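Enquirer: Dropping in protein.cif, which is mmCIF, C-alpha atoms:
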data_work
#
loop_
_atom_site.label_atom_id
_atom_site.label_comp_id
_atom_site.auth_asym_id
_atom_site.auth_seq_id
_atom_site.Cartn_x
_atom_site.Cartn_y
_atom_site.Cartn_z
CA MET A 1 -4.98 2.17 52.10
CA ALA A 2 -2.13 2.51 49.61
CA MET A 3 -3.88 -0.02 47.35
CA ALA A 4 -7.08 1.97 47.55
CA ARG A 5 -5.23 5.16 46.62
CA LYS A 6 -3.53 3.52 43.62
CA SER A 7 -6.78 2.00 42.43
CA LYS A 8 -8.38 5.42 42.65
CA ALA A 9 -5.52 6.98 40.71
CA ASN A 10 -5.90 4.44 37.91
CA LYS A 11 -9.61 5.05 37.86
CA ILE A 12 -9.07 8.78 37.53
CA GLY A 13 -6.79 8.09 34.60
CA ARG A 14 -9.48 6.15 32.85
CA ASP A 15 -12.31 8.50 33.70
CA ASN A 16 -10.56 11.68 32.71
CA PRO A 17 -9.56 11.32 29.08
CA MET A 18 -7.72 14.66 29.08
CA LEU A 19 -5.23 13.52 31.70
CA VAL A 20 -1.64 13.31 30.43
CA PHE A 21 0.49 10.45 31.77
CA PRO A 22 4.28 10.59 31.82
CA PHE A 23 6.03 7.90 29.81
CA THR A 24 9.74 7.23 29.47
CA VAL A 25 11.46 6.78 26.13
CA ALA A 26 12.84 3.23 26.27
CA ARG A 27 14.10 2.98 22.70
CA VAL A 28 14.36 5.11 19.56
CA ILE A 29 14.36 3.20 16.26
CA ARG A 30 15.33 4.92 13.03
CA GLU A 31 13.02 3.49 10.37
CA SER A 32 14.13 5.68 7.43
CA HIS A 33 15.83 9.04 6.85
CA ASP A 34 12.81 10.94 8.19
CA THR A 35 10.74 8.34 10.03
CA PHE A 36 11.36 6.86 13.45
CA SER A 37 9.65 4.78 16.12
CA LEU A 38 9.61 5.39 19.85
CA GLU A 39 9.13 2.64 22.37
CA LEU A 40 7.64 4.11 25.52
CA GLU A 41 7.17 2.68 28.97
CA SER A 42 4.86 4.04 31.62
CA ARG A 43 6.55 5.71 34.59
CA ASN A 44 4.19 3.58 36.65
CA ARG A 45 5.69 0.21 35.74
CA ARG A 46 2.60 -1.66 36.87
CA ARG A 47 0.33 0.25 34.58
CA GLU A 48 -0.58 -1.59 31.42
CA PHE A 49 -1.61 0.19 28.28
CA SER A 50 -4.28 -1.53 26.26
CA PHE A 51 -5.55 -0.30 22.92
CA VAL A 52 -7.43 -1.40 19.85
CA PRO A 53 -5.43 -1.48 16.57
CA GLY A 54 -6.13 1.75 14.71
CA GLN A 55 -6.42 3.95 17.80
CA PHE A 56 -4.13 6.90 18.41
CA ASN A 57 -2.61 8.80 21.33
CA MET A 58 -1.89 12.46 21.83
CA LEU A 59 1.85 12.77 22.46
CA TYR A 60 2.89 15.81 24.40
CA VAL A 61 6.42 17.21 24.33
CA TYR A 62 6.51 19.37 27.41
CA GLY A 63 6.76 23.03 26.55
CA ILE A 64 6.44 22.43 22.81
CA GLY A 65 3.05 20.96 22.02
CA GLU A 66 0.89 17.93 21.32
CA VAL A 67 0.34 15.78 18.25
CA PRO A 68 -1.97 12.88 17.47
CA ILE A 69 0.06 9.80 16.52
CA SER A 70 -1.37 6.37 15.83
CA ILE A 71 -0.18 3.43 17.88
CA SER A 72 2.02 1.12 15.84
CA GLY A 73 3.05 -1.57 18.31
CA ASP A 74 1.81 -5.00 19.25
CA PRO A 75 -1.45 -4.90 21.26
CA ASN A 76 -0.33 -8.07 23.02
CA ARG A 77 2.69 -6.25 24.51
CA SER A 78 0.80 -4.03 26.91
CA LYS A 79 3.88 -2.81 28.78
CA VAL A 80 5.43 -1.17 25.73
CA LEU A 81 3.75 1.55 23.75
CA VAL A 82 5.10 2.10 20.23
CA HIS A 83 4.57 5.13 18.02
CA THR A 84 5.99 5.73 14.57
CA THR A 85 6.09 9.18 13.05
CA ARG A 86 7.88 11.36 10.56
CA GLU A 87 9.67 14.60 11.21
CA VAL A 88 7.28 17.03 9.56
CA GLY A 89 6.89 19.91 11.97
CA THR A 90 7.82 21.52 15.26
CA VAL A 91 6.40 18.89 17.59
CA THR A 92 7.52 15.82 15.63
CA ARG A 93 11.00 17.35 15.30
CA ALA A 94 11.04 17.80 19.07
CA ILE A 95 9.94 14.19 19.52
CA ARG A 96 12.78 13.10 17.25
CA LYS A 97 15.25 14.83 19.54
CA LEU A 98 14.12 12.83 22.59
CA LYS A 99 16.66 10.37 23.94
CA VAL A 100 16.36 7.15 25.89
CA GLY A 101 15.30 8.04 29.44
CA ASP A 102 13.54 11.29 28.46
CA THR A 103 9.92 11.85 29.40
CA ILE A 104 6.99 12.41 27.09
CA GLY A 105 3.36 12.95 27.97
CA VAL A 106 0.76 10.54 26.65
CA ARG A 107 -3.00 10.75 26.72
CA GLY A 108 -5.30 8.28 25.06
CA PRO A 109 -5.95 5.93 23.45
CA TYR A 110 -8.61 7.59 21.35
CA GLY A 111 -10.87 6.74 18.48
CA ARG A 112 -12.37 3.67 16.89
CA GLY A 113 -10.06 1.03 15.56
CA TRP A 114 -10.06 -1.43 12.69
CA PRO A 115 -12.92 -3.97 12.46
CA ILE A 116 -10.79 -7.01 13.20
CA GLU A 117 -13.68 -9.04 14.56
CA LYS A 118 -15.78 -8.35 11.51
CA ALA A 119 -13.05 -10.04 9.48
CA HIS A 120 -13.37 -13.37 11.33
CA GLY A 121 -13.85 -16.15 8.81
CA HIS A 122 -13.01 -13.89 5.86
CA ASP A 123 -9.99 -13.03 3.75
CA VAL A 124 -8.31 -9.83 4.86
CA VAL A 125 -6.70 -7.37 2.45
CA LEU A 126 -4.50 -4.64 3.85
CA VAL A 127 -3.50 -1.89 1.43
CA THR A 128 -1.10 0.68 2.73
CA GLY A 129 1.35 3.27 1.57
CA GLY A 130 4.14 5.27 3.19
CA ILE A 131 3.72 5.78 6.90
CA GLY A 132 0.21 4.34 6.58
CA LEU A 133 1.74 1.00 7.50
CA ALA A 134 2.15 2.22 11.08
CA PRO A 135 -1.57 2.20 12.07
CA LEU A 136 -2.01 -1.14 10.30
CA ARG A 137 0.93 -2.91 11.92
CA PRO A 138 -1.05 -3.66 15.13
CA VAL A 139 -3.71 -5.24 12.90
CA ILE A 140 -1.11 -7.54 11.35
CA TYR A 141 0.13 -8.56 14.80
CA CYS A 142 -3.45 -9.29 15.85
CA LEU A 143 -4.30 -11.26 12.73
CA LEU A 144 -1.16 -13.36 12.97
CA SER A 145 -1.65 -14.11 16.67
CA ASN A 146 -5.12 -15.46 15.83
CA ARG A 147 -4.26 -16.78 12.40
CA GLU A 148 -6.80 -19.61 12.42
CA LYS A 149 -9.69 -17.14 12.59
CA TYR A 150 -9.07 -15.69 9.14
CA GLY A 151 -8.91 -16.82 5.55
CA LYS A 152 -6.16 -15.48 3.32
CA ILE A 153 -4.32 -12.44 4.57
CA VAL A 154 -2.86 -10.16 1.93
CA LEU A 155 -0.61 -7.19 2.70
CA LEU A 156 0.08 -4.71 -0.10
CA TYR A 157 2.56 -2.02 0.83
CA GLY A 158 3.86 0.84 -1.27
CA ALA A 159 6.67 3.24 -0.45
CA ARG A 160 8.28 6.13 -2.26
CA THR A 161 11.70 4.48 -2.73
CA PRO A 162 13.36 1.32 -1.34
CA GLU A 163 15.05 3.51 1.29
CA ASP A 164 11.64 4.63 2.59
CA ILE A 165 10.37 1.14 3.40
CA LEU A 166 9.42 0.89 7.07
CA TYR A 167 9.68 -2.03 9.49
CA ARG A 168 12.15 -4.00 7.37
CA LYS A 169 12.61 -6.76 9.94
CA ASP A 170 8.87 -7.24 10.30
CA LEU A 171 8.44 -7.26 6.54
CA GLU A 172 11.18 -9.88 6.13
CA ARG A 173 9.44 -12.05 8.71
CA TRP A 174 6.05 -11.55 7.11
CA ARG A 175 7.35 -12.28 3.62
CA SER A 176 8.85 -15.54 4.78
CA ARG A 177 5.51 -16.78 6.12
CA PHE A 178 3.39 -19.04 3.96
CA ASP A 179 0.17 -17.88 5.59
CA LEU A 180 0.61 -14.20 4.74
CA GLU A 181 0.81 -12.93 1.17
CA THR A 182 3.03 -9.85 1.24
CA TYR A 183 3.73 -7.63 -1.76
CA LEU A 184 5.95 -4.58 -1.68
CA THR A 185 6.28 -1.95 -4.33
CA VAL A 186 8.06 1.40 -4.61
CA ASP A 187 7.24 4.40 -6.77
CA ARG A 188 10.76 4.66 -8.10
CA ALA A 189 14.01 2.79 -7.82
CA THR A 190 17.47 2.49 -9.26
CA GLY A 191 18.82 -0.62 -10.97
CA ALA A 192 19.90 -2.16 -7.65
CA TRP A 193 16.28 -2.79 -6.60
CA HIS A 194 14.87 -6.08 -7.81
CA GLY A 195 11.41 -5.77 -6.30
CA ASN A 196 8.24 -4.29 -7.75
CA VAL A 197 8.05 -0.74 -9.05
CA GLY A 198 4.71 0.96 -9.52
CA VAL A 199 1.93 2.38 -7.40
CA VAL A 200 0.50 0.21 -4.63
CA THR A 201 -2.91 0.07 -6.30
CA SER A 202 -1.34 -1.89 -9.16
CA LEU A 203 -0.78 -4.77 -6.73
CA ILE A 204 -4.49 -5.21 -6.04
CA GLY A 205 -5.18 -6.95 -9.33
CA ARG A 206 -2.26 -9.30 -8.74
CA SER A 207 -3.17 -10.61 -5.30
CA SER A 208 -5.31 -13.66 -4.77
CA PHE A 209 -8.09 -12.91 -2.29
CA ASP A 210 -11.79 -13.63 -2.54
CA PRO A 211 -13.36 -10.23 -3.27
CA PHE A 212 -16.81 -11.44 -2.24
CA HIS A 213 -15.72 -12.76 1.17
CA CYS A 214 -13.11 -10.34 2.35
CA VAL A 215 -12.62 -7.30 4.52
CA ALA A 216 -10.30 -4.65 3.12
CA MET A 217 -8.49 -2.06 5.22
CA ALA A 218 -6.59 0.82 3.65
CA CYS A 219 -4.35 3.38 5.24
CA GLY A 220 -2.15 5.97 3.62
CA PRO A 221 -2.45 9.31 1.85
CA GLU A 222 -6.09 10.05 1.10
CA ILE A 223 -5.53 10.04 -2.65
CA MET A 224 -3.96 6.59 -2.41
CA MET A 225 -6.99 5.36 -0.48
CA ARG A 226 -9.34 6.85 -3.10
CA PHE A 227 -7.66 4.91 -5.88
CA THR A 228 -7.42 1.83 -3.67
CA MET A 229 -11.18 1.88 -3.17
CA LEU A 230 -11.72 2.16 -6.93
CA GLU A 231 -9.45 -0.83 -7.59
CA LEU A 232 -11.11 -2.89 -4.88
CA GLN A 233 -14.51 -2.02 -6.33
CA LYS A 234 -13.27 -3.21 -9.73
CA ARG A 235 -12.38 -6.53 -8.11
CA GLY A 236 -15.93 -6.73 -6.70
CA VAL A 237 -15.40 -5.80 -3.05
CA GLU A 238 -18.52 -4.20 -1.51
CA ASP A 239 -18.17 -0.68 -0.08
CA ALA A 240 -19.44 -1.89 3.30
CA ARG A 241 -16.48 -4.28 3.53
CA MET A 242 -13.86 -1.62 2.86
CA PHE A 243 -12.42 0.45 5.70
CA VAL A 244 -10.18 3.49 5.68
CA SER A 245 -8.32 5.47 8.31
CA MET A 246 -8.91 9.19 7.95
CA GLU A 247 -6.44 11.83 9.03
CA ARG A 248 -7.57 15.23 10.20
CA SER A 249 -6.26 17.81 12.63
CA MET A 250 -7.13 16.15 15.94
CA LYS A 251 -6.70 18.35 19.01
CA CYS A 252 -8.81 17.31 22.01
CA GLY A 253 -9.17 13.66 21.04
CA ILE A 254 -12.65 13.33 22.49
CA GLY A 255 -14.91 15.12 20.03
CA LEU A 256 -15.24 18.41 21.93
CA CYS A 257 -13.16 20.98 20.07
CA GLY A 258 -14.40 20.29 16.56
CA HIS A 259 -11.01 20.63 14.84
CA CYS A 260 -11.32 17.24 13.17
CA GLN A 261 -14.94 17.41 12.15
CA ILE A 262 -15.80 15.95 8.77
CA GLY A 263 -19.42 16.01 7.80
CA SER A 264 -21.41 15.10 10.88
CA THR A 265 -18.61 13.15 12.56
CA PHE A 266 -15.45 13.83 14.52
CA VAL A 267 -12.47 11.84 13.31
CA CYS A 268 -10.97 11.63 16.82
CA LYS A 269 -14.10 10.08 18.31
CA ASP A 270 -16.08 8.46 15.49
CA GLY A 271 -12.97 7.55 13.49
CA PRO A 272 -10.19 7.51 12.57
CA VAL A 273 -11.33 4.22 11.05
CA TYR A 274 -14.51 4.43 8.99
CA SER A 275 -16.27 2.08 6.66
CA TYR A 276 -15.92 3.39 3.12
CA ASN A 277 -19.71 3.38 2.97
CA SER A 278 -19.89 6.12 5.55
CA VAL A 279 -17.21 8.42 4.10
CA ARG A 280 -17.55 7.72 0.37
CA ASN A 281 -19.15 11.11 -0.28
CA ILE A 282 -16.58 12.95 1.78
CA PHE A 283 -13.77 11.39 -0.26
CA MET A 284 -15.06 13.12 -3.36
CA LYS A 285 -15.75 16.54 -1.76
CA ARG A 286 -12.96 19.01 -2.31
CA GLU A 287 -14.20 21.26 0.51
CA MET A 288 -13.69 18.47 3.06
CA MET B 1 0.83 -24.12 -31.37
CA GLU B 2 -1.92 -25.79 -29.34
CA ASN B 3 -0.04 -24.82 -26.21
CA LEU B 4 0.19 -21.18 -27.31
CA GLU B 5 -3.51 -21.15 -28.15
CA ARG B 6 -4.32 -22.46 -24.68
CA ILE B 7 -2.04 -19.91 -22.98
CA LEU B 8 -3.52 -17.00 -24.93
CA SER B 9 -7.14 -18.06 -24.61
CA GLU B 10 -6.79 -18.46 -20.84
CA HIS B 11 -5.15 -15.08 -20.35
CA PRO B 12 -7.46 -12.46 -18.72
CA PHE B 13 -6.31 -9.86 -21.27
CA LEU B 14 -7.96 -11.85 -24.04
CA ALA B 15 -11.00 -13.01 -22.03
CA GLY B 16 -14.11 -13.07 -24.20
CA MET B 17 -12.26 -12.89 -27.51
CA ASP B 18 -13.54 -15.08 -30.37
CA THR B 19 -11.66 -18.32 -30.97
CA LYS B 20 -11.02 -17.30 -34.57
CA HIS B 21 -9.33 -14.12 -33.38
CA ILE B 22 -7.28 -16.04 -30.82
CA GLN B 23 -6.15 -18.31 -33.64
CA LEU B 24 -5.11 -15.28 -35.68
CA LEU B 25 -3.05 -14.08 -32.70
CA VAL B 26 -1.43 -17.50 -32.32
CA GLY B 27 -0.12 -17.08 -35.86
CA CYS B 28 1.90 -14.08 -34.62
CA ALA B 29 2.96 -15.64 -31.29
CA SER B 30 6.10 -17.37 -30.11
CA ASN B 31 7.62 -18.54 -26.84
CA VAL B 32 10.63 -16.53 -25.71
CA VAL B 33 13.09 -16.78 -22.81
CA PHE B 34 15.23 -14.02 -21.34
CA GLN B 35 18.10 -14.61 -18.95
CA LYS B 36 18.48 -12.55 -15.79
CA GLY B 37 19.89 -9.14 -16.72
CA GLU B 38 19.19 -9.53 -20.44
CA PHE B 39 17.68 -6.54 -22.25
CA ILE B 40 14.41 -7.44 -23.93
CA PHE B 41 14.38 -4.16 -25.82
CA ARG B 42 16.06 -0.81 -25.62
CA GLU B 43 14.76 2.73 -25.95
CA GLY B 44 14.73 3.90 -29.57
CA GLU B 45 14.78 0.43 -31.09
CA SER B 46 12.02 -0.71 -33.40
CA ALA B 47 8.97 -1.76 -31.31
CA ASP B 48 8.09 -5.03 -32.93
CA ALA B 49 6.37 -7.04 -30.20
CA PHE B 50 4.44 -7.13 -26.96
CA TYR B 51 4.76 -9.76 -24.27
CA PHE B 52 2.65 -11.90 -21.97
CA ILE B 53 4.88 -12.84 -19.03
CA ARG B 54 4.45 -16.50 -18.12
CA HIS B 55 7.10 -16.55 -15.44
CA GLY B 56 9.67 -14.08 -14.11
CA LYS B 57 9.95 -10.35 -13.66
CA VAL B 58 10.79 -7.50 -16.01
CA ALA B 59 11.92 -3.95 -15.23
CA VAL B 60 10.84 -1.08 -17.44
CA GLU B 61 13.65 1.45 -17.18
CA THR B 62 15.04 4.64 -18.53
CA TYR B 63 18.65 5.76 -18.42
CA ILE B 64 19.53 9.10 -16.90
CA PRO B 65 23.06 10.29 -17.68
CA GLN B 66 25.22 10.54 -14.54
CA LYS B 67 22.51 8.78 -12.55
CA GLY B 68 22.23 5.45 -14.29
CA PRO B 69 19.12 3.38 -14.96
CA ILE B 70 15.91 4.34 -13.14
CA MET B 71 13.22 1.71 -12.84
CA ILE B 72 9.83 3.11 -13.78
CA ARG B 73 7.70 0.04 -13.45
CA SER B 74 8.05 -3.68 -12.96
CA ARG B 75 5.98 -6.34 -14.65
CA SER B 76 5.61 -9.91 -13.44
CA GLU B 77 3.87 -13.20 -14.05
CA GLY B 78 0.50 -12.90 -15.75
CA GLU B 79 1.07 -9.31 -16.84
CA ILE B 80 1.57 -7.72 -20.23
CA PHE B 81 4.12 -5.16 -21.29
CA GLY B 82 4.89 -3.20 -24.42
CA TRP B 83 2.39 -1.13 -26.36
CA SER B 84 4.70 0.96 -28.56
CA TRP B 85 4.17 -1.63 -31.34
CA LEU B 86 0.68 -0.17 -31.66
CA VAL B 87 1.54 3.51 -32.00
CA PRO B 88 3.59 5.09 -34.82
CA PRO B 89 6.53 5.46 -35.19
CA TYR B 90 6.69 2.01 -33.53
CA ARG B 91 9.77 2.65 -31.41
CA TRP B 92 10.32 1.73 -27.76
CA HIS B 93 10.23 4.68 -25.37
CA PHE B 94 11.95 2.79 -22.52
CA ASP B 95 14.28 -0.12 -21.89
CA ALA B 96 12.99 -3.48 -20.67
CA ARG B 97 15.32 -5.81 -18.80
CA ALA B 98 14.69 -9.22 -17.25
CA LEU B 99 15.24 -9.05 -13.47
CA GLU B 100 15.24 -12.82 -13.30
CA LEU B 101 14.90 -15.71 -15.71
CA THR B 102 11.76 -14.74 -17.62
CA ARG B 103 9.60 -16.81 -19.93
CA ALA B 104 7.03 -15.03 -22.04
CA VAL B 105 4.86 -15.28 -25.11
CA ALA B 106 5.85 -12.63 -27.64
CA LEU B 107 3.29 -11.32 -30.12
CA ASP B 108 4.91 -10.00 -33.28
CA GLY B 109 3.70 -6.42 -33.62
CA LYS B 110 4.20 -6.07 -37.36
CA CYS B 111 2.36 -9.34 -38.01
CA LEU B 112 -0.43 -8.26 -35.68
CA ARG B 113 -0.76 -4.80 -37.23
CA GLY B 114 -1.19 -6.48 -40.60
CA LYS B 115 -3.89 -8.79 -39.30
CA CYS B 116 -5.69 -5.91 -37.60
CA GLU B 117 -5.72 -3.99 -40.91
CA GLU B 118 -7.18 -7.01 -42.69
CA ASP B 119 -9.74 -7.80 -39.97
CA HIS B 120 -11.07 -4.64 -38.32
CA ASP B 121 -13.10 -6.65 -35.80
CA LEU B 122 -9.84 -8.09 -34.52
CA GLY B 123 -8.31 -4.60 -34.60
CA TYR B 124 -11.21 -3.23 -32.54
CA GLU B 125 -10.90 -6.02 -29.97
CA ILE B 126 -7.17 -5.42 -29.63
CA MET B 127 -7.58 -1.65 -29.39
CA LYS B 128 -10.28 -1.96 -26.70
CA ARG B 129 -7.99 -4.10 -24.60
CA PHE B 130 -4.92 -1.94 -25.08
CA ALA B 131 -6.94 1.21 -24.34
CA LEU B 132 -7.59 -0.22 -20.84
CA ILE B 133 -3.91 -0.95 -20.35
CA ILE B 134 -2.87 2.50 -21.56
CA ALA B 135 -5.48 4.15 -19.29
CA GLU B 136 -4.28 2.12 -16.31
CA ARG B 137 -0.64 3.05 -17.03
CA LEU B 138 -1.58 6.72 -17.38
CA GLU B 139 -3.43 6.68 -14.05
CA ALA B 140 -0.55 4.93 -12.31
CA THR B 141 1.95 7.37 -13.79
CA ARG B 142 -0.11 10.32 -12.55
CA LEU B 143 -0.15 8.85 -9.05
CA GLN B 144 3.60 8.31 -9.20
CA LEU B 145 4.12 11.89 -10.34
CA MET B 146 2.07 13.20 -7.43
CA ASP B 147 4.68 11.81 -5.04
CA ILE B 148 1.88 10.96 -2.64
CA TYR B 149 4.15 9.74 0.14
CA GLY B 150 5.91 13.09 0.34
CA ASP B 151 5.65 15.52 3.25
CA GLY B 152 2.27 15.74 4.93
CA PRO B 153 0.88 18.61 6.95
CA LYS B 154 3.20 20.28 9.44
CA LYS B 155 2.73 19.16 13.06
#
Take the structure in the file and give it back as structure tokens.

Expert:
Amino acid sequence: MAMARKSKANKIGRDNPMLVFPFTVARVIRESHDTFSLELESRNRRREFSFVPGQFNMLYVYGIGEVPISISGDPNRSKVLVHTTREVGTVTRAIRKLKVGDTIGVRGPYGRGWPIEKAHGHDVVLVTGGIGLAPLRPVIYCLLSNREKYGKIVLLYGARTPEDILYRKDLERWRSRFDLETYLTVDRATGAWHGNVGVVTSLIGRSSFDPFHCVAMACGPEIMMRFTMLELQKRGVEDARMFVSMERSMKCGIGLCGHCQIGSTFVCKDGPVYSYNSVRNIFMKREM
Amino acid sequence: MENLERILSEHPFLAGMDTKHIQLLVGCASNVVFQKGEFIFREGESADAFYFIRHGKVAVETYIPQKGPIMIRSRSEGEIFGWSWLVPPYRWHFDARALELTRAVALDGKCLRGKCEEDHDLGYEIMKRFALIIAERLEATRLQLMDIYGDGPKK
């Protein structure tokens, strides 16, 4: 009887996408002066949380409000849900104040993720800037856990300054691997920095992937993605093989409210990941 | 000299250039080495060369009083730096410093300017190529100035 009740409860959770589930803050990780990650665990310890890299959740701080935040953890660790965000407004500031043991509401996951399967047998180029690395980190975990399925994997990551670089431990691990080409760059630095300085798009010409047999995924500020697409095109990558993650004001998460509509699509439901083919015109429209 | 000709003719920057023009460039070229931390040139000095980096990394910097050196751009293997040799008054606008042991091919700017004046076809080829580099630098600088990773929308 109890089993039947629990099974029903789980089913309700899946069938009702607006249902908010309580999660406990298990760990708070300071990534930079204004960016942090939260590791969350379900109050129902037996509940597993599965998601596709690129999807997002609505995080609800009780009494304050809700924000859409992409999932930045490892899809293979289904007991821990990781979100990385910056303190930019009321809700994210409230999230930042949460402590280990506090409760936060989670509903999701929502949206379409990155085309990882489409990349099987091809080189993969990941171009990201700033906090855009967060939605791509699950992709990197996935690619590396199935490394044999892909050709070269190239990660190009740009940050504002060396102090703004996220996931330093992960990046150190990735840079030490021979099967992952990782380049970092910052927009400005003092003399103590010995890495690259310049915009992330300048790394595209330097990396050694096959432009005719690759899948490119870009995530970051929209203007960065625009210039990334132009650089990839210069290298010969087809528009249909380039993917971007769009950011709009998502509210309901299921394509009902219309807040995140761009053109004929809803970012929360039809995105946030789109092929460049399908949003190329939107990129150039100022009204969008 | 044969080695320099091979290095220059295989470099993407000079792809498609006539052999006779490459040979003219070789006449102005030399191998150079910079130790880690060594200044390759300093702001205000006479801009008398540009460089093809064969190995190593170079920081393009400017010095801000009370703040110290700020790195504006880095250049590494396979890349080119320095275009002030092409534009009067032929003075460097920034410092360049080797971040690690750096080997490069230096093209003597004064020698090259002379050859470009004598052979306008060569001059046109060089200008076309440097125009691309200058445009790319301008675009990158604009992106840097936009501070694109700054605060996003309030949430």

Enquirer: Distance CA of Tyr60 (chain A)-CA of Gly111 (chain A), one decimal place?

Expert: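 Between these atoms lies a distance of 17.5 Å.
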
Enquirer: Translate the PyMOL selection byres ((chain A) within 10 of (chain B)), as applied to the file shown, into an explicit residue set as a count of residues only.

Expert: 49

Enquirer: Looking at all atoms listed in the file, which of B:Arg103, B:Arg113, B:His21, B:His11 is the one that sits closest to Asp48 (chain B)?

Expert: B:Arg113

Enquirer: Expand the PyMOL selection byres ((chain A and resi 22) around 6) into the explicit residue set it covers here, and present it as a list of chain:residue names.

Expert: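 With the PyMOL selection byres ((chain A and resi 22) around 6) on this model, the match is A:Phe21, A:Phe23, A:Ile104, A:Gly105.
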
Enquirer: Mind giving me the straight-line distance from CA of Asp108 (chain B) to CA of Gly205 (chain A) in Å, one decimal?

Expert: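 These two atoms are separated by 26.2 Å.
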
Enquirer: Considering all atoms listed in the file, can you say which of B:Ile7, B:Ile40, B:Ala47, B:Ala29 comes closest to Leu86 (chain B)?

Expert: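 Of all the options, B:Ala47 lies closest to Leu86 (chain B).
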
Enquirer: Please expand the PyMOL selection byres ((chain A and resi 229) around 10) into the concrete residues it hits in this file, giving the result as a PDB file with C-alpha atoms, in the frame of the given file.

Expert:
ATOM      1  CA  VAL A 127      -3.500  -1.890   1.430  1.00  0.00           C
ATOM      2  CA  THR A 201      -2.910   0.070  -6.300  1.00  0.00           C
ATOM      3  CA  ALA A 216     -10.300  -4.650   3.120  1.00  0.00           C
ATOM      4  CA  MET A 217      -8.490  -2.060   5.220  1.00  0.00           C
ATOM      5  CA  ALA A 218      -6.590   0.820   3.650  1.00  0.00           C
ATOM      6  CA  ILE A 223      -5.530  10.040  -2.650  1.00  0.00           C
ATOM      7  CA  MET A 224      -3.960   6.590  -2.410  1.00  0.00           C
ATOM      8  CA  MET A 225      -6.990   5.360  -0.480  1.00  0.00           C
ATOM      9  CA  ARG A 226      -9.340   6.850  -3.100  1.00  0.00           C
ATOM     10  CA  PHE A 227      -7.660   4.910  -5.880  1.00  0.00           C
ATOM     11  CA  THR A 228      -7.420   1.830  -3.670  1.00  0.00           C
ATOM     12  CA  LEU A 230     -11.720   2.160  -6.930  1.00  0.00           C
ATOM     13  CA  GLU A 231      -9.450  -0.830  -7.590  1.00  0.00           C
ATOM     14  CA  LEU A 232     -11.110  -2.890  -4.880  1.00  0.00           C
ATOM     15  CA  GLN A 233     -14.510  -2.020  -6.330  1.00  0.00           C
ATOM     16  CA  LYS A 234     -13.270  -3.210  -9.730  1.00  0.00           C
ATOM     17  CA  ARG A 235     -12.380  -6.530  -8.110  1.00  0.00           C
ATOM     18  CA  VAL A 237     -15.400  -5.800  -3.050  1.00  0.00           C
ATOM     19  CA  GLU A 238     -18.520  -4.200  -1.510  1.00  0.00           C
ATOM     20  CA  ASP A 239     -18.170  -0.680  -0.080  1.00  0.00           C
ATOM     21  CA  MET A 242     -13.860  -1.620   2.860  1.00  0.00           C
ATOM     22  CA  PHE A 243     -12.420   0.450   5.700  1.00  0.00           C
ATOM     23  CA  VAL A 244     -10.180   3.490   5.680  1.00  0.00           C
ATOM     24  CA  TYR A 276     -15.920   3.390   3.120  1.00  0.00           C
ATOM     25  CA  ARG A 280     -17.550   7.720   0.370  1.00  0.00           C
TER      26      ARG A 280
END

Enquirer: Please report the interatomic distance between CA of Tyr183 (chain A) and CA of Leu155 (chain A) in Å with one decimal.

Expert: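 Pair CA of Tyr183 (chain A) / CA of Leu155 (chain A) returns 6.2 Å.
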
Enquirer: Show which residues sit within 10 Å of Leu256 (chain A), as a VMD selection string. Count all atoms listed in the file, and ignore same-chain residues fewer than 3 positions away.

Expert: chain A and resid 251 to 253 259 to 261 266 268 to 269

Enquirer: So which residues fall inside 12 Å of (16.2, 6.7, 12.1) if we count all atoms listed in the file? Mind giving them as a PDB file with C-alpha atoms, in the coordinates of the input?

Expert:
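Output contents, as saved in out_38.pdb:
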ATOM      1  CA  ARG A  27      14.100   2.980  22.700  1.00  0.00           C
ATOM      2  CA  VAL A  28      14.360   5.110  19.560  1.00  0.00           C
ATOM      3  CA  ILE A  29      14.360   3.200  16.260  1.00  0.00           C
ATOM      4  CA  ARG A  30      15.330   4.920  13.030  1.00  0.00           C
ATOM      5  CA  GLU A  31      13.020   3.490  10.370  1.00  0.00           C
ATOM      6  CA  SER A  32      14.130   5.680   7.430  1.00  0.00           C
ATOM      7  CA  HIS A  33      15.830   9.040   6.850  1.00  0.00           C
ATOM      8  CA  ASP A  34      12.810  10.940   8.190  1.00  0.00           C
ATOM      9  CA  THR A  35      10.740   8.340  10.030  1.00  0.00           C
ATOM     10  CA  PHE A  36      11.360   6.860  13.450  1.00  0.00           C
ATOM     11  CA  SER A  37       9.650   4.780  16.120  1.00  0.00           C
ATOM     12  CA  LEU A  38       9.610   5.390  19.850  1.00  0.00           C
ATOM     13  CA  THR A  84       5.990   5.730  14.570  1.00  0.00           C
ATOM     14  CA  THR A  85       6.090   9.180  13.050  1.00  0.00           C
ATOM     15  CA  ARG A  86       7.880  11.360  10.560  1.00  0.00           C
ATOM     16  CA  GLU A  87       9.670  14.600  11.210  1.00  0.00           C
ATOM     17  CA  ARG A  96      12.780  13.100  17.250  1.00  0.00           C
ATOM     18  CA  LYS A  97      15.250  14.830  19.540  1.00  0.00           C
ATOM     19  CA  GLU A 163      15.050   3.510   1.290  1.00  0.00           C
ATOM     20  CA  ASP A 164      11.640   4.630   2.590  1.00  0.00           C
ATOM     21  CA  ILE A 165      10.370   1.140   3.400  1.00  0.00           C
ATOM     22  CA  LEU A 166       9.420   0.890   7.070  1.00  0.00           C
ATOM     23  CA  TYR A 167       9.680  -2.030   9.490  1.00  0.00           C
TER      24      TYR A 167
END
